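Just below is one structure, and these are the notes that go with it.
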Amino acid sequence: MASEKYPASSGTVAAEPGPIDLDWSTTALLIIDMQRDFMEPGGFGETLGNDVSQLARAVKPIAAVLNAARDSGMLIVHTREGHLPDLSDAPPAKVERGAPSLRIGDPGPMGRILIRGEAGHDIIPALYPRDGEIVIDKPGKGAFYATDLGDVLRQYGIENLLVCGVTTEVCVNTTVREANDRGYRCVVLADGCASYFPEFHEMGLQMIKAQGGIFGWVSDSAAVLEAMRPKVSSISAAGGAR
Ligand code: TIU
């Protein structure tokens, strides 16, 4: 049975500021706000004046880790930033902010901007959630604020989060900071995150891993895939299994 493989129950992820051992049964993949409103022209991100093409680079690395997580049975959580149609969960201070071309709730080419149930609010087809995966709708930048994410993670016994999504310095960073204060070990996938501002992406990652990992660890999709790869058992590899 030299070819027999065993799913790895844990793995060591190469990361900065140092490698981290993860038990996959207590680890979840957390994909932040990979929504059309941020990724595609005509959505919230573009109304703020941003070049949405900057975010496309994160899709393939996320898809690769998402596929591996699906194969392994890891808990998968997707988040979406957005508001109720009556804007009752959208603070005026957020709606009135800045000088966007369209405000939250205004009609746009993908429906009302950043409103739940509209086409623009949904997750991009390449990363669309499957039945059984958890989708958390959040009104804020952080995924714990005014959501039941904490309850869900507790229910599944989750201690570690593989975090990716957009944007690095806004919703990813806010969520990692919230998670870190709640006791989760966060491993952020550098190539699975993106920002409208490449320099903010770089600094956002540096802020997480600085000072011995003040908010968490920074790794990438290849390192996580390598750590998750089922290992051929040493007995099988030696041809000695019965
Ligand atoms: N504007 C921006 O960079 N991000 C957001 O408004 N939300 C998220 O990061 N999801």
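Chain lettering (A, B, ...) mirrors the order of the structure tokens, residue numbering begins at 1 for each chain separately, and ligand numbering begins at 1 in order of display.
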
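Residues in contact with Ala14 in chain A at up to 7 Å, not including ones fewer than 6 positions away on its chain and judged by only C-alpha atoms, are Ile20, Ser219 and Ala223 of chain A.
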
Using 8 Å as the limit and counting only C-alpha atoms and all ligand atoms, can you tabulate each residue of chain A that touches ligand 1, with its shortest atom-to-atom distance in Å and the two atoms involved, as a tab-separated table?
```
residue	atom	partner	partner_atom_place_in_ligand_line	distance
A:Ile32	CA	ligand 1	10 (N)	6.7
A:Asp33	CA	ligand 1	10 (N)	5.0
A:Met34	CA	ligand 1	10 (N)	7.7
A:Phe38	CA	ligand 1	10 (N)	7.0
A:Phe44	CA	ligand 1	6 (O)	7.6
A:Gly45	CA	ligand 1	1 (N)	5.7
A:Leu48	CA	ligand 1	1 (N)	7.2
A:Arg80	CA	ligand 1	10 (N)	7.6
A:Glu81	CA	ligand 1	10 (N)	6.1
A:Lys141	CA	ligand 1	7 (N)	5.8
A:Gly165	CA	ligand 1	10 (N)	7.9
A:Val166	CA	ligand 1	9 (O)	5.0
A:Thr167	CA	ligand 1	9 (O)	3.9
A:Thr168	CA	ligand 1	9 (O)	6.8
A:Glu169	CA	ligand 1	3 (O)	7.0
A:Val170	CA	ligand 1	9 (O)	4.3
A:Cys171	CA	ligand 1	9 (O)	3.8
A:Val172	CA	ligand 1	9 (O)	6.5
A:Ser195	CA	ligand 1	3 (O)	6.4
A:Tyr196	CA	ligand 1	3 (O)	6.5
```

>> Using only C-alpha atoms for the distances, tell me which of A:Val65, A:Leu102, A:Val135, A:Leu189 is nearest to Thr79 in chain A.
In response: A:Val135

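One distance worth recording is that between CA of Phe215 in chain A and CA of Glu199 in chain A, which is 19.0 Å.
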
Env of Thr27 in chain A: 12 Å cut, atoms = only C-alpha atoms, seq-sep filter 2 positions within chain, self excluded. Answer as a CSV table (one decimal) with C-alpha atoms, in the first residue's frame.
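Everything below was put into out-v1.csv:
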```
chain,number,residue,atom,x,y,z
A,9,SER,CA,-4.9,16.3,10.9
A,10,SER,CA,-2.5,19.1,11.5
A,11,GLY,CA,0.3,20.9,9.7
A,21,ASP,CA,1.3,24.6,13.9
A,22,LEU,CA,-2.4,24.3,13.1
A,23,ASP,CA,-4.8,21.6,14.0
A,24,TRP,CA,-7.1,21.6,11.0
A,25,SER,CA,-10.1,20.5,13.0
A,29,LEU,CA,-11.1,29.5,6.4
A,30,LEU,CA,-12.5,33.0,6.7
A,69,ALA,CA,-10.5,23.4,2.4
A,72,SER,CA,-10.4,18.5,3.7
A,73,GLY,CA,-13.8,19.3,5.3
A,74,MET,CA,-12.5,22.4,7.0
A,75,LEU,CA,-15.1,24.9,8.2
A,76,ILE,CA,-15.5,27.6,5.6
A,77,VAL,CA,-17.0,31.0,6.4
A,153,LEU,CA,-16.9,29.8,15.7
A,154,ARG,CA,-17.4,28.8,19.3
A,156,TYR,CA,-17.5,24.6,15.9
A,157,GLY,CA,-14.7,24.8,18.4
A,158,ILE,CA,-12.6,27.0,16.2
A,159,GLU,CA,-9.3,28.4,17.6
A,160,ASN,CA,-7.4,29.4,14.4
A,161,LEU,CA,-8.4,31.4,11.4
A,162,LEU,CA,-7.0,31.4,7.9
A,163,VAL,CA,-7.9,34.8,6.7
A,184,TYR,CA,-8.1,33.5,17.8
A,185,ARG,CA,-4.8,32.8,16.1
A,186,CYS,CA,-5.0,34.5,12.7
A,187,VAL,CA,-2.9,33.5,9.7
A,224,VAL,CA,-1.0,26.8,3.5
A,228,MET,CA,-2.6,20.9,4.3
```

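The shortest atom-to-atom distance to Phe144 in chain A, with only C-alpha atoms taken into account, belongs to A:Ala179 out of A:Ile123, A:Ile214, A:Met110, A:Ala179.
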
>> I need the residue nearest Ile113 in chain A from this list: A:Pro91, A:Gly150, A:Gly212, A:Gly82. Use only C-alpha atoms for the distance.
In response: A:Gly82

>> Just want the 12 Å neighbourhood of Gly98 in chain A, counted on only C-alpha atoms, with same-chain residues fewer than 5 positions away dropped. Output as a list of chain:residue names.
In response: A:Thr47, A:Leu48, A:Gly49, A:Pro92, A:Ala93, A:Arg103, A:Ile104
